[in-house]
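Below is one structure, written out as structure tokens, with a few remarks after it.
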There are 2 protein chains.
Amino acid sequence: MAHDAPVSPLAPKKVPDVGPVAGVRFATAEAGIRYRDRTDVLLLALDAGTTAAGVFTRSKCPSAPVEWCRAVLPHGLARGLVVNSGNANAFTGKKGREATALTAKIAAKALGCREDEIYLASTGVIGEPLDATKYEGVLDATATRLAPLPWIDPAKAIMTTDTFPKLATAKVKIEGVEVTIAGIAKGAGMIAPDMATMLSFVFTDAAIEAPALQALLSKGVTDSFNAVTIDGDTSTSDTLLLFATGASGAPRIADAKDPRLARFRRALTGVLADLAEQVARDGEGARKLVRVNVTGAVSKKSARRIAMSIANSPLVKTAVAGEDANWGRVVMAVGKAGEPAERDRLTISFGPIRVAHEGARDPAYDEAETSAYMKNEVIDITVDIGLGRGSDRVLTCDLTKEYVAINGDYRS
Amino acid sequence: MAHDAPVSPLAPKKVPDVGPVAGVRFATAEAGIRYRDRTDVLLLALDAGTTAAGVFTRSKCPSAPVEWCRAVLPHGLARGLVVNSGNANAFTGKKGREATALTAKIAAKALGCREDEIYLASTGVIGEPLDATKYEGVLDATATRLAPLPWIDPAKAIMTTDTFPKLATAKVKIEGVEVTIAGIAKGAGMIAPDMATMLSFVFTDAAIEAPALQALLSKGVTDSFNAVTIDGDTSTSDTLLLFATGASGAPRIADAKDPRLARFRRALTGVLADLAEQVARDGEGARKLVRVNVTGAVSKKSARRIAMSIANSPLVKTAVAGEDANWGRVVMAVGKAGEPAERDRLTISFGPIRVAHEGARDPAYDEAETSAYMKNEVIDITVDIGLGRGSDRVLTCDLTKEYVAINGDYRS
């Protein structure tokens, strides 16, 4: 961890008990990427036949590991994953590409597979060359210690400004065979290229062919990771990978819409949503989790844009930090979203309390009751646009002085 | 003023000496709109024949005064302006429309003109009905005290969270006749619907027909007020009005492209840019003025979007507050803008110091020298995209704990 910040008050009360995922083993190590005597690398081995899917940052300046993953993903097969903290290997040009190639080469040798079956992710400082020669020997040694448990180790190994490890799991049956899903994530600012970034890795022992796995992941991310925002900033390194080893013995499925996958789809979406909520709960400096619900928009896409406009508004987020049910700022954020909205049809609620209705303050609005609601740890802001049937929900957190301290005092 | 905050360290060292504008007289009063014993209304009278132009918030939920101004603007003529603080008359529905109509009626009677020759602007709390009957008698009495000086009075009367009054002026000749331009502005957050909002009123005694005046204003705003951002939030009430009385005796001009207006155009743009920069210098909690310069983009529009992405990034703004030349965050903000950009062609400088070049850290980059530069009050961030000839500049300020305090502790 980069900061010795206290654990977020919004952290889940208990860490889930995550069982082994057949075909997945891992170990962590100290490679000295940026600091000595610090666990900074995770090596994860996947059984032969594992399929892979991924979604990545939309940044036009992605990191070298993101470019590497995008390049190998079309093969659809994976045998290993290497994640390091301390250096993001972003904005490192030709040297960055050389570092990813060398890392994959060393990892492939350690795991006995092809280089294009190795996936990579890095988080840490931007613009510093990553010296991949530090992996020489280290990954070989790490590969001798691979084990299927405990999952808390890889979850901790990928933390940076996170104040708690993020894990989620689910078990479902496919044609009578139990399969496990296990996921880990890191992320605290929606990114701070210096240290934070959103990374998540999800594993299952179900047997799903790569195109179907990709379809499941692309759909599952829409209302989970893509519906969370801390500060509207986007990392050069954001990476979400999903691997299916097939080692459960469940039947191999080739179509994402196969009815045998119905429960699996829901379980996967649940794991992704759980991990994404944990990221919001660990937002830098966060004291409150904010759920922005938009209904009655002209479409889901429109609802998402309005919800994001509210969730990213510094004025809305500072008001929540101040426990102020400032619906005027919500009106402002709806207005600036640029989506169809009419003042005289808007309804705004904080939790169960309707504060504004039909273009004006609700006559029944009680400031004392609303102030009491704003002391809660989880705040629901609900806006009904009154125009259509599009709805959506986005998670965020409040904007506190601690956010500024964490991100402004970082180097000084 | 709502806050007794100390004057921004970025305030101009002296208040400009603004002379009278022929055909413009004003007076301020206490109407008790929200608080007693506080100057909260400005009445401004314009000679017969004055033309008007305006640009307004792009919010889909504009305030009632914005809707009023948009409705009367097509007439193109103006005789009066009423500005109040304490209540924004926004999100007030039918009552809000009634309040604007009544205000215009009372003002028209006080000034002896038509109601559709009255312009209105309001700033203050959102969602509270504005009791326009409070203007009864007050505006009549105020109209007996109208005077052409001193301009500091209206500049102060429209302040809310502003820490200093904002004035700018210029004099130029049109066909040998001297004309004056005088402008005032308020704004500190790019908006906080509770109190702050960007309002600006600019006056000249040049004689320019309304369509030409509108063309001059619409063009002039692009690189001044539209190139400033404090927090990316947009008021329901943002209003910029330009009035030309024609009382200087200069020839009447009907075409914005008339060569006789060349100097006037430049002077007007200068006044608008000066006022806009003062708004950035009074950004809530600001300690540093940040000029984001983008060159080498594929178009000016693309350069503007990239510059805005950098200027609105909380991570870039907190880094500047921490005096950290964190160019990794600048790369991140370029990447998330969604505009054409290639990592390996980017060049990033802080002031005169080139920190990154061709997709990697500049080998000559000296951290000590850069840290020394970051202690300056005005910080230039310059990004060359390396793809084309589009360039632009946007002004912003840093994001400090004081911003969060001002906006989070506002009601509590």
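Ordering of the structure tokens sets the chain letters (A, B, ...), residue numbers begin anew at 1 in every chain, and ligands are numbered from 1 in the order given.
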Check every residue of chain B for an atom within 7 Å of chain A, counting only C-alpha atoms, and provide those that qualify as a short mmCIF file (atom, residue, chain, number, x, y, z; two decimals) with C-alpha atoms, in the first residue's frame.
data_model
loop_
_atom_site.label_atom_id
_atom_site.label_comp_id
_atom_site.auth_asym_id
_atom_site.auth_seq_id
_atom_site.Cartn_x
_atom_site.Cartn_y
_atom_site.Cartn_z
CA ARG B 58 -26.71 25.62 -22.14
CA SER B 59 -28.52 23.98 -19.22
CA LYS B 60 -31.72 22.11 -20.10
CA CYS B 61 -33.18 23.46 -16.84
CA PHE B 91 -36.50 25.64 -10.51
CA THR B 92 -39.46 27.70 -9.39
CA GLY B 93 -41.91 26.65 -12.12
CA ILE B 126 -32.40 27.58 -6.16
CA GLY B 127 -35.95 26.36 -5.75
CA ALA B 192 -22.92 26.65 -7.29
CA PRO B 193 -26.66 26.86 -7.74
CA ASP B 194 -26.95 27.89 -4.14
CA ASP B 231 -15.28 22.66 -11.78
CA ASP B 233 -20.37 22.41 -13.50
CA THR B 234 -22.81 24.62 -15.40
CA SER B 235 -25.23 27.02 -13.79
CA THR B 236 -28.95 27.15 -14.52
CA SER B 313 -9.59 16.66 -14.31
CA PRO B 314 -9.73 16.54 -10.50
CA LEU B 315 -6.44 14.64 -10.51
CA THR B 318 -5.24 18.49 -7.11
CA ALA B 319 -1.70 17.84 -8.40
CA ALA B 321 -2.62 22.38 -5.72
CA GLY B 322 0.11 20.09 -4.36
CA ASP B 324 3.36 18.52 -8.25
CA GLY B 328 1.27 11.34 -15.88
CA ARG B 329 -2.11 12.78 -14.97
CA MET B 332 -4.37 10.42 -18.52
CA GLY B 335 -6.18 9.92 -23.20
CA LYS B 336 -9.68 10.18 -21.76
CA GLY B 338 -11.52 10.73 -26.75
CA ALA B 341 -3.93 11.54 -29.92
CA GLU B 342 -0.95 9.19 -30.10
CA ARG B 343 1.19 8.49 -27.10
CA ASP B 344 4.40 8.41 -29.11
CA GLY B 359 5.75 8.94 -25.61
CA ALA B 360 8.17 8.91 -22.69
CA ARG B 361 9.74 11.05 -20.00
CA THR B 400 -7.87 22.72 -3.04
CA LYS B 401 -9.29 21.60 0.27
CA VAL B 404 -14.40 21.30 -0.75
CA ASN B 407 -18.98 23.80 -1.23
CA GLY B 408 -19.33 21.08 1.37
CA ASP B 409 -19.72 23.19 4.48
CA ARG B 411 -25.20 24.89 4.60
CA SER B 412 -23.85 22.95 7.54
#
### Query
So, counting only C-alpha atoms, which residue among B:Lys186, B:Arg260, B:Lys166, B:Arg304 is closest to B:Asp274?
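Of the candidates, the smallest distance to B:Asp274 is held by B:Lys166.
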### Task
May I have all residues of stretch 161-356 of chain A that DSSP, computed from the backbone, assigns to strand (DSSP E), given as a PyMOL selection string?
chain A and resi 166-174+177-186+199-204+239-244+289-297+347-350+353-356
Go ahead and save the residues from that selection, with N, CA and C atoms, as a compact mmCIF listing (two decimals), in the first residue's frame.
# COMPACT_ATOMS: atom_id res chain seq x y z
N LYS A 166 -10.22 -6.42 -2.07
CA LYS A 166 -11.54 -6.57 -2.68
C LYS A 166 -11.67 -7.95 -3.31
N LEU A 167 -12.58 -8.76 -2.75
CA LEU A 167 -12.82 -10.11 -3.26
C LEU A 167 -14.32 -10.33 -3.37
N ALA A 168 -14.72 -11.17 -4.32
CA ALA A 168 -16.12 -11.56 -4.41
C ALA A 168 -16.17 -12.96 -5.01
N THR A 169 -17.22 -13.70 -4.68
CA THR A 169 -17.30 -15.08 -5.17
C THR A 169 -18.74 -15.52 -5.31
N ALA A 170 -18.93 -16.56 -6.09
CA ALA A 170 -20.27 -17.17 -6.24
C ALA A 170 -20.07 -18.61 -6.70
N LYS A 171 -21.05 -19.46 -6.37
CA LYS A 171 -21.06 -20.84 -6.87
C LYS A 171 -22.40 -21.08 -7.53
N VAL A 172 -22.42 -21.69 -8.69
CA VAL A 172 -23.68 -22.07 -9.36
C VAL A 172 -23.48 -23.42 -10.03
N LYS A 173 -24.58 -24.03 -10.41
CA LYS A 173 -24.48 -25.30 -11.13
C LYS A 173 -24.78 -25.12 -12.61
N ILE A 174 -23.98 -25.80 -13.43
CA ILE A 174 -24.25 -25.87 -14.86
C ILE A 174 -24.49 -27.34 -15.18
N VAL A 177 -23.33 -29.69 -12.48
CA VAL A 177 -21.93 -29.61 -12.03
C VAL A 177 -21.70 -28.24 -11.39
N GLU A 178 -21.18 -28.26 -10.15
CA GLU A 178 -20.94 -26.98 -9.47
C GLU A 178 -19.71 -26.29 -10.06
N VAL A 179 -19.88 -25.01 -10.38
CA VAL A 179 -18.73 -24.22 -10.83
C VAL A 179 -18.57 -23.03 -9.87
N THR A 180 -17.34 -22.56 -9.76
CA THR A 180 -17.01 -21.45 -8.87
C THR A 180 -16.60 -20.24 -9.69
N ILE A 181 -17.01 -19.08 -9.22
CA ILE A 181 -16.49 -17.81 -9.78
C ILE A 181 -15.78 -17.10 -8.63
N ALA A 182 -14.57 -16.62 -8.87
CA ALA A 182 -13.85 -15.86 -7.86
C ALA A 182 -13.23 -14.65 -8.53
N GLY A 183 -13.36 -13.50 -7.89
CA GLY A 183 -12.80 -12.29 -8.50
C GLY A 183 -12.09 -11.43 -7.48
N ILE A 184 -11.08 -10.71 -7.94
CA ILE A 184 -10.38 -9.73 -7.10
C ILE A 184 -10.34 -8.43 -7.88
N ALA A 185 -10.23 -7.31 -7.16
CA ALA A 185 -10.17 -6.01 -7.83
C ALA A 185 -9.33 -5.06 -7.00
N LYS A 186 -8.80 -4.06 -7.67
CA LYS A 186 -8.19 -2.93 -6.98
C LYS A 186 -8.67 -1.66 -7.67
N LEU A 199 -8.06 -2.31 -11.67
CA LEU A 199 -7.72 -3.62 -12.22
C LEU A 199 -8.65 -4.64 -11.59
N SER A 200 -9.15 -5.58 -12.39
CA SER A 200 -9.93 -6.67 -11.80
C SER A 200 -9.70 -7.94 -12.62
N PHE A 201 -9.62 -9.05 -11.89
CA PHE A 201 -9.38 -10.34 -12.52
C PHE A 201 -10.39 -11.32 -11.96
N VAL A 202 -11.14 -11.96 -12.85
CA VAL A 202 -12.20 -12.87 -12.42
C VAL A 202 -11.93 -14.23 -13.05
N PHE A 203 -12.13 -15.28 -12.25
CA PHE A 203 -11.78 -16.63 -12.68
C PHE A 203 -12.95 -17.56 -12.45
N THR A 204 -13.12 -18.53 -13.36
CA THR A 204 -14.13 -19.56 -13.14
C THR A 204 -13.61 -20.88 -13.68
N THR A 239 -8.10 -2.38 -16.55
CA THR A 239 -8.12 -3.70 -17.16
C THR A 239 -9.05 -4.61 -16.36
N LEU A 240 -9.93 -5.30 -17.06
CA LEU A 240 -10.77 -6.33 -16.44
C LEU A 240 -10.64 -7.58 -17.29
N LEU A 241 -10.13 -8.65 -16.68
CA LEU A 241 -9.94 -9.90 -17.43
C LEU A 241 -10.78 -11.01 -16.79
N LEU A 242 -11.33 -11.86 -17.62
CA LEU A 242 -12.13 -13.00 -17.16
C LEU A 242 -11.55 -14.27 -17.79
N PHE A 243 -11.26 -15.24 -16.94
CA PHE A 243 -10.66 -16.50 -17.42
C PHE A 243 -11.56 -17.67 -17.04
N ALA A 244 -11.73 -18.62 -17.95
CA ALA A 244 -12.52 -19.82 -17.66
C ALA A 244 -11.65 -21.05 -17.91
N LEU A 289 -21.19 6.30 0.45
CA LEU A 289 -21.45 5.68 -0.84
C LEU A 289 -22.72 6.33 -1.39
N VAL A 290 -22.66 6.79 -2.64
CA VAL A 290 -23.80 7.48 -3.24
C VAL A 290 -24.33 6.66 -4.40
N ARG A 291 -25.64 6.32 -4.34
CA ARG A 291 -26.28 5.62 -5.45
C ARG A 291 -27.14 6.62 -6.19
N VAL A 292 -26.80 6.88 -7.44
CA VAL A 292 -27.57 7.83 -8.24
C VAL A 292 -28.51 7.04 -9.13
N ASN A 293 -29.79 7.17 -8.89
CA ASN A 293 -30.81 6.43 -9.64
C ASN A 293 -31.56 7.40 -10.54
N VAL A 294 -31.62 7.09 -11.81
CA VAL A 294 -32.38 7.93 -12.74
C VAL A 294 -33.48 7.08 -13.37
N THR A 295 -34.70 7.56 -13.31
CA THR A 295 -35.83 6.89 -13.96
C THR A 295 -36.52 7.89 -14.89
N GLY A 296 -37.37 7.36 -15.76
CA GLY A 296 -38.20 8.23 -16.59
C GLY A 296 -37.45 9.00 -17.66
N ALA A 297 -36.20 8.56 -17.96
CA ALA A 297 -35.47 9.22 -19.06
C ALA A 297 -35.97 8.66 -20.40
N THR A 347 -38.73 15.17 -10.81
CA THR A 347 -38.96 14.84 -9.40
C THR A 347 -37.62 14.38 -8.82
N ILE A 348 -37.25 14.91 -7.67
CA ILE A 348 -35.97 14.57 -7.05
C ILE A 348 -36.21 14.11 -5.62
N SER A 349 -35.61 12.96 -5.28
CA SER A 349 -35.72 12.45 -3.91
C SER A 349 -34.34 12.16 -3.35
N PHE A 350 -34.19 12.37 -2.04
CA PHE A 350 -33.04 11.88 -1.30
C PHE A 350 -33.57 10.77 -0.40
N ILE A 353 -37.30 10.61 0.75
CA ILE A 353 -37.89 11.95 0.90
C ILE A 353 -37.92 12.68 -0.43
N ARG A 354 -39.13 13.00 -0.90
CA ARG A 354 -39.26 13.75 -2.15
C ARG A 354 -39.05 15.22 -1.85
N VAL A 355 -37.99 15.79 -2.43
CA VAL A 355 -37.66 17.18 -2.11
C VAL A 355 -38.13 18.15 -3.19
N ALA A 356 -38.27 17.66 -4.42
CA ALA A 356 -38.68 18.55 -5.50
C ALA A 356 -39.61 17.79 -6.43
### Query
What does the distance between atom CA of B:Val394 and atom CA of B:Ala227 come to in Å, to one decimal place?
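Separation of atom CA of B:Val394 and atom CA of B:Ala227: 4.7 Å.
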### Task
Please measure the separation of atom CA of B:Ala307 and atom CA of B:Lys288, giving the value in Å to one decimal.
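We find that atom CA of B:Ala307 and atom CA of B:Lys288 lie 17.0 Å from each other.
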### Query
Out of stretch 144-310 of chain A, which residues get helix (DSSP H, G or I) from DSSP, as an MDAnalysis selection string?
chainID A and resid 152:157 210:222 225:227 259:281 300:310
### Query
For A:Glu209, which residue among A:Ala254, A:Leu44, A:Ala147, A:Ile158 is the nearest when counting only C-alpha atoms?
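Closest residue, counting only C-alpha atoms: A:Ala254.
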### Task
Excluding stretch 115-121 of chain B and any residue of its chain fewer than 3 positions from it, enumerate the residues within 7 Å of it, using only C-alpha atoms, and give them as JSON, numbers by chain.
{"B": [65, 66, 69, 72, 77, 78, 79, 80, 81, 82, 83, 84, 104, 105, 108]}
With all heavy atoms retained, write the just-selected residues as an mmCIF file, in the first residue's frame.
data_model
loop_
_atom_site.group_PDB
_atom_site.id
_atom_site.type_symbol
_atom_site.label_atom_id
_atom_site.label_comp_id
_atom_site.auth_asym_id
_atom_site.auth_seq_id
_atom_site.Cartn_x
_atom_site.Cartn_y
_atom_site.Cartn_z
ATOM 1 N N PRO B 65 -35.309 33.855 -15.149
ATOM 2 C CA PRO B 65 -34.763 35.053 -15.799
ATOM 3 C C PRO B 65 -34.075 34.754 -17.133
ATOM 4 O O PRO B 65 -34.152 35.560 -18.061
ATOM 5 C CB PRO B 65 -33.757 35.594 -14.776
ATOM 6 C CG PRO B 65 -34.186 35.021 -13.466
ATOM 7 C CD PRO B 65 -34.795 33.686 -13.771
ATOM 8 N N VAL B 66 -33.406 33.578 -17.221
ATOM 9 C CA VAL B 66 -32.782 33.214 -18.503
ATOM 10 C C VAL B 66 -33.868 33.037 -19.565
ATOM 11 O O VAL B 66 -33.749 33.525 -20.695
ATOM 12 C CB VAL B 66 -31.931 31.925 -18.353
ATOM 13 C CG1 VAL B 66 -31.568 31.341 -19.711
ATOM 14 C CG2 VAL B 66 -30.667 32.228 -17.544
ATOM 15 N N CYS B 69 -35.074 36.530 -20.616
ATOM 16 C CA CYS B 69 -34.141 37.231 -21.519
ATOM 17 C C CYS B 69 -34.192 36.642 -22.926
ATOM 18 O O CYS B 69 -34.190 37.374 -23.921
ATOM 19 C CB CYS B 69 -32.717 37.157 -20.982
ATOM 20 S SG CYS B 69 -32.408 38.170 -19.527
ATOM 21 N N VAL B 72 -37.268 38.007 -24.736
ATOM 22 C CA VAL B 72 -37.314 39.421 -25.165
ATOM 23 C C VAL B 72 -36.182 39.784 -26.115
ATOM 24 O O VAL B 72 -36.273 40.791 -26.826
ATOM 25 C CB VAL B 72 -37.328 40.396 -23.946
ATOM 26 C CG1 VAL B 72 -38.547 40.125 -23.075
ATOM 27 C CG2 VAL B 72 -36.042 40.324 -23.136
ATOM 28 N N LEU B 77 -33.952 45.457 -28.549
ATOM 29 C CA LEU B 77 -33.837 46.763 -27.900
ATOM 30 C C LEU B 77 -33.913 46.598 -26.381
ATOM 31 O O LEU B 77 -34.602 45.713 -25.882
ATOM 32 C CB LEU B 77 -34.955 47.696 -28.380
ATOM 33 C CG LEU B 77 -34.856 48.104 -29.857
ATOM 34 C CD1 LEU B 77 -36.069 48.920 -30.265
ATOM 35 C CD2 LEU B 77 -33.568 48.886 -30.120
ATOM 36 N N ALA B 78 -33.221 47.484 -25.676
ATOM 37 C CA ALA B 78 -33.189 47.387 -24.211
ATOM 38 C C ALA B 78 -33.227 48.769 -23.596
ATOM 39 O O ALA B 78 -32.651 49.729 -24.128
ATOM 40 C CB ALA B 78 -31.920 46.665 -23.766
ATOM 41 N N ARG B 79 -33.921 48.876 -22.475
ATOM 42 C CA ARG B 79 -33.945 50.148 -21.724
ATOM 43 C C ARG B 79 -33.552 49.941 -20.260
ATOM 44 O O ARG B 79 -33.289 50.911 -19.563
ATOM 45 C CB ARG B 79 -35.347 50.779 -21.784
ATOM 46 C CG ARG B 79 -35.780 51.273 -23.163
ATOM 47 C CD ARG B 79 -34.873 52.408 -23.638
ATOM 48 N NE ARG B 79 -34.829 53.495 -22.678
ATOM 49 C CZ ARG B 79 -35.776 54.434 -22.523
ATOM 50 N NH1 ARG B 79 -36.853 54.415 -23.289
ATOM 51 N NH2 ARG B 79 -35.653 55.376 -21.620
ATOM 52 N N GLY B 80 -33.558 48.684 -19.812
ATOM 53 C CA GLY B 80 -33.248 48.492 -18.405
ATOM 54 C C GLY B 80 -32.781 47.089 -18.083
ATOM 55 O O GLY B 80 -33.031 46.139 -18.830
ATOM 56 N N LEU B 81 -32.064 46.985 -16.955
ATOM 57 C CA LEU B 81 -31.547 45.701 -16.479
ATOM 58 C C LEU B 81 -31.751 45.657 -14.964
ATOM 59 O O LEU B 81 -31.433 46.627 -14.270
ATOM 60 C CB LEU B 81 -30.056 45.595 -16.812
ATOM 61 C CG LEU B 81 -29.261 44.440 -16.179
ATOM 62 C CD1 LEU B 81 -29.693 43.096 -16.775
ATOM 63 C CD2 LEU B 81 -27.756 44.653 -16.405
ATOM 64 N N VAL B 82 -32.321 44.547 -14.489
ATOM 65 C CA VAL B 82 -32.475 44.353 -13.040
ATOM 66 C C VAL B 82 -31.730 43.062 -12.670
ATOM 67 O O VAL B 82 -32.001 42.011 -13.249
ATOM 68 C CB VAL B 82 -33.961 44.229 -12.632
ATOM 69 C CG1 VAL B 82 -34.076 44.031 -11.110
ATOM 70 C CG2 VAL B 82 -34.756 45.450 -13.076
ATOM 71 N N VAL B 83 -30.807 43.159 -11.740
ATOM 72 C CA VAL B 83 -30.061 41.987 -11.270
ATOM 73 C C VAL B 83 -30.227 41.887 -9.761
ATOM 74 O O VAL B 83 -30.037 42.886 -9.059
ATOM 75 C CB VAL B 83 -28.553 42.098 -11.587
ATOM 76 C CG1 VAL B 83 -27.846 40.787 -11.244
ATOM 77 C CG2 VAL B 83 -28.329 42.462 -13.037
ATOM 78 N N ASN B 84 -30.589 40.709 -9.292
ATOM 79 C CA ASN B 84 -30.651 40.543 -7.838
ATOM 80 C C ASN B 84 -29.772 39.395 -7.399
ATOM 81 O O ASN B 84 -29.520 38.452 -8.156
ATOM 82 C CB ASN B 84 -32.095 40.283 -7.365
ATOM 83 C CG ASN B 84 -32.555 38.869 -7.694
ATOM 84 O OD1 ASN B 84 -33.012 38.607 -8.806
ATOM 85 N ND2 ASN B 84 -32.417 37.946 -6.741
ATOM 86 N N ALA B 104 -40.374 42.699 -14.300
ATOM 87 C CA ALA B 104 -40.252 43.507 -15.510
ATOM 88 C C ALA B 104 -41.298 44.623 -15.519
ATOM 89 O O ALA B 104 -41.022 45.758 -15.945
ATOM 90 C CB ALA B 104 -40.410 42.620 -16.746
ATOM 91 N N LYS B 105 -42.466 44.320 -15.025
ATOM 92 C CA LYS B 105 -43.541 45.320 -14.996
ATOM 93 C C LYS B 105 -43.176 46.489 -14.066
ATOM 94 O O LYS B 105 -43.311 47.663 -14.435
ATOM 95 C CB LYS B 105 -44.831 44.635 -14.505
ATOM 96 C CG LYS B 105 -46.076 45.488 -14.641
ATOM 97 C CD LYS B 105 -47.300 44.706 -14.173
ATOM 98 C CE LYS B 105 -48.496 45.649 -14.054
ATOM 99 N NZ LYS B 105 -49.636 44.990 -13.395
ATOM 100 N N ALA B 108 -40.242 48.415 -15.620
ATOM 101 C CA ALA B 108 -40.666 49.204 -16.790
ATOM 102 C C ALA B 108 -41.372 50.480 -16.338
ATOM 103 O O ALA B 108 -41.179 51.563 -16.911
ATOM 104 C CB ALA B 108 -41.580 48.354 -17.679
#
### Message
Can you tell me which residues surround B:Ser224 at a distance of at most 12 Å, considering only C-alpha atoms, apart from same-chain residues fewer than 2 positions away, and format the answer as a PyMOL selection string?
### Response
chain B and resi 200+217-222+226-229+240+268-280+392-396
Generate the output file for the selected residues, N, CA and C atoms, as a CSV table (one decimal), in the first residue's frame.
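This is the output file part.csv:
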chain,number,residue,atom,x,y,z
B,200,SER,N,-22.4,38.2,-16.4
B,200,SER,CA,-21.5,39.3,-16.8
B,200,SER,C,-22.4,40.3,-17.7
B,217,LEU,N,-20.8,39.4,-30.0
B,217,LEU,CA,-20.8,38.7,-28.7
B,217,LEU,C,-20.6,37.2,-28.8
B,218,SER,N,-21.3,36.6,-29.7
B,218,SER,CA,-21.2,35.1,-29.9
B,218,SER,C,-19.8,34.7,-30.2
B,219,LYS,N,-19.2,35.5,-31.1
B,219,LYS,CA,-17.8,35.2,-31.5
B,219,LYS,C,-16.8,35.5,-30.3
B,220,GLY,N,-17.1,36.6,-29.6
B,220,GLY,CA,-16.1,37.0,-28.6
B,220,GLY,C,-16.1,36.1,-27.4
B,221,VAL,N,-17.3,35.3,-27.1
B,221,VAL,CA,-17.4,34.5,-26.0
B,221,VAL,C,-16.6,33.2,-26.1
B,222,THR,N,-16.3,32.8,-27.3
B,222,THR,CA,-15.7,31.5,-27.6
B,222,THR,C,-14.4,31.3,-26.8
B,226,ASN,N,-16.3,31.1,-22.6
B,226,ASN,CA,-16.4,29.6,-22.8
B,226,ASN,C,-15.1,28.9,-22.7
B,227,ALA,N,-14.0,29.6,-22.5
B,227,ALA,CA,-12.7,28.9,-22.3
B,227,ALA,C,-12.3,28.9,-20.9
B,228,VAL,N,-13.2,29.1,-20.0
B,228,VAL,CA,-12.9,29.1,-18.5
B,228,VAL,C,-13.7,28.0,-17.9
B,229,THR,N,-13.1,27.2,-17.0
B,229,THR,CA,-13.8,26.2,-16.2
B,229,THR,C,-13.2,26.2,-14.8
B,240,LEU,N,-24.7,36.3,-20.1
B,240,LEU,CA,-23.7,37.3,-20.5
B,240,LEU,C,-24.5,38.2,-21.4
B,268,LEU,N,-13.4,44.6,-27.5
B,268,LEU,CA,-14.4,43.8,-26.9
B,268,LEU,C,-13.9,42.5,-26.4
B,269,THR,N,-13.2,41.8,-27.3
B,269,THR,CA,-12.7,40.5,-27.0
B,269,THR,C,-11.7,40.6,-25.8
B,270,GLY,N,-11.0,41.7,-25.8
B,270,GLY,CA,-10.1,41.9,-24.6
B,270,GLY,C,-10.8,42.1,-23.3
B,271,VAL,N,-11.9,42.8,-23.3
B,271,VAL,CA,-12.7,43.1,-22.1
B,271,VAL,C,-13.3,41.7,-21.7
B,272,LEU,N,-13.8,41.0,-22.6
B,272,LEU,CA,-14.4,39.7,-22.3
B,272,LEU,C,-13.4,38.7,-21.7
B,273,ALA,N,-12.2,38.7,-22.3
B,273,ALA,CA,-11.1,37.8,-21.8
B,273,ALA,C,-10.6,38.2,-20.5
B,274,ASP,N,-10.6,39.5,-20.2
B,274,ASP,CA,-10.1,40.1,-19.0
B,274,ASP,C,-11.1,39.6,-17.9
B,275,LEU,N,-12.4,39.8,-18.1
B,275,LEU,CA,-13.4,39.4,-17.1
B,275,LEU,C,-13.4,37.9,-16.9
B,276,ALA,N,-13.3,37.1,-17.9
B,276,ALA,CA,-13.2,35.7,-17.8
B,276,ALA,C,-12.0,35.2,-17.0
B,277,GLU,N,-10.9,35.9,-17.2
B,277,GLU,CA,-9.7,35.5,-16.4
B,277,GLU,C,-9.9,35.9,-15.0
B,278,GLN,N,-10.6,37.0,-14.7
B,278,GLN,CA,-10.8,37.3,-13.3
B,278,GLN,C,-11.7,36.3,-12.6
B,279,VAL,N,-12.7,35.7,-13.4
B,279,VAL,CA,-13.5,34.7,-12.8
B,279,VAL,C,-12.6,33.5,-12.4
B,280,ALA,N,-11.7,33.1,-13.3
B,280,ALA,CA,-10.8,32.0,-13.0
B,280,ALA,C,-9.9,32.3,-11.8
B,392,ASP,N,-5.6,25.6,-28.9
B,392,ASP,CA,-6.5,26.3,-28.1
B,392,ASP,C,-6.0,26.5,-26.7
B,393,ARG,N,-6.6,27.4,-25.9
B,393,ARG,CA,-6.2,27.7,-24.5
B,393,ARG,C,-7.4,27.7,-23.7
B,394,VAL,N,-7.3,27.1,-22.5
B,394,VAL,CA,-8.4,27.2,-21.5
B,394,VAL,C,-7.8,27.6,-20.2
B,395,LEU,N,-8.6,28.4,-19.4
B,395,LEU,CA,-8.1,28.8,-18.1
B,395,LEU,C,-8.9,28.0,-17.0
B,396,THR,N,-8.2,27.6,-16.0
B,396,THR,CA,-8.8,27.1,-14.8
B,396,THR,C,-8.0,27.4,-13.6
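Going from atom CA of A:Gly187 over to atom CA of A:Ile152, you cover 15.7 Å.
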### Message
Report as a list in words all protein, DNA and RNA residues lying within 9 Å of B:Lys134, evaluated on only C-alpha atoms, omitting residues in the same chain fewer than 4 positions from it.
### Response
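The contact residues come out as Ala31, Gly32, Ile33 and Val138 of chain B.
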Kindly save the residues from that selection, with C-alpha atoms included, as a PDB file, in the first residue's frame.
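Dumped everything to out05.pdb:
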ATOM      1  CA  ALA B  31     -34.879  45.004  -1.520  1.00  0.00           C
ATOM      2  CA  GLY B  32     -34.676  42.344   1.210  1.00  0.00           C
ATOM      3  CA  ILE B  33     -34.878  39.501  -1.315  1.00  0.00           C
ATOM      4  CA  VAL B 138     -37.984  49.969  -4.221  1.00  0.00           C
TER       5      VAL B 138
END
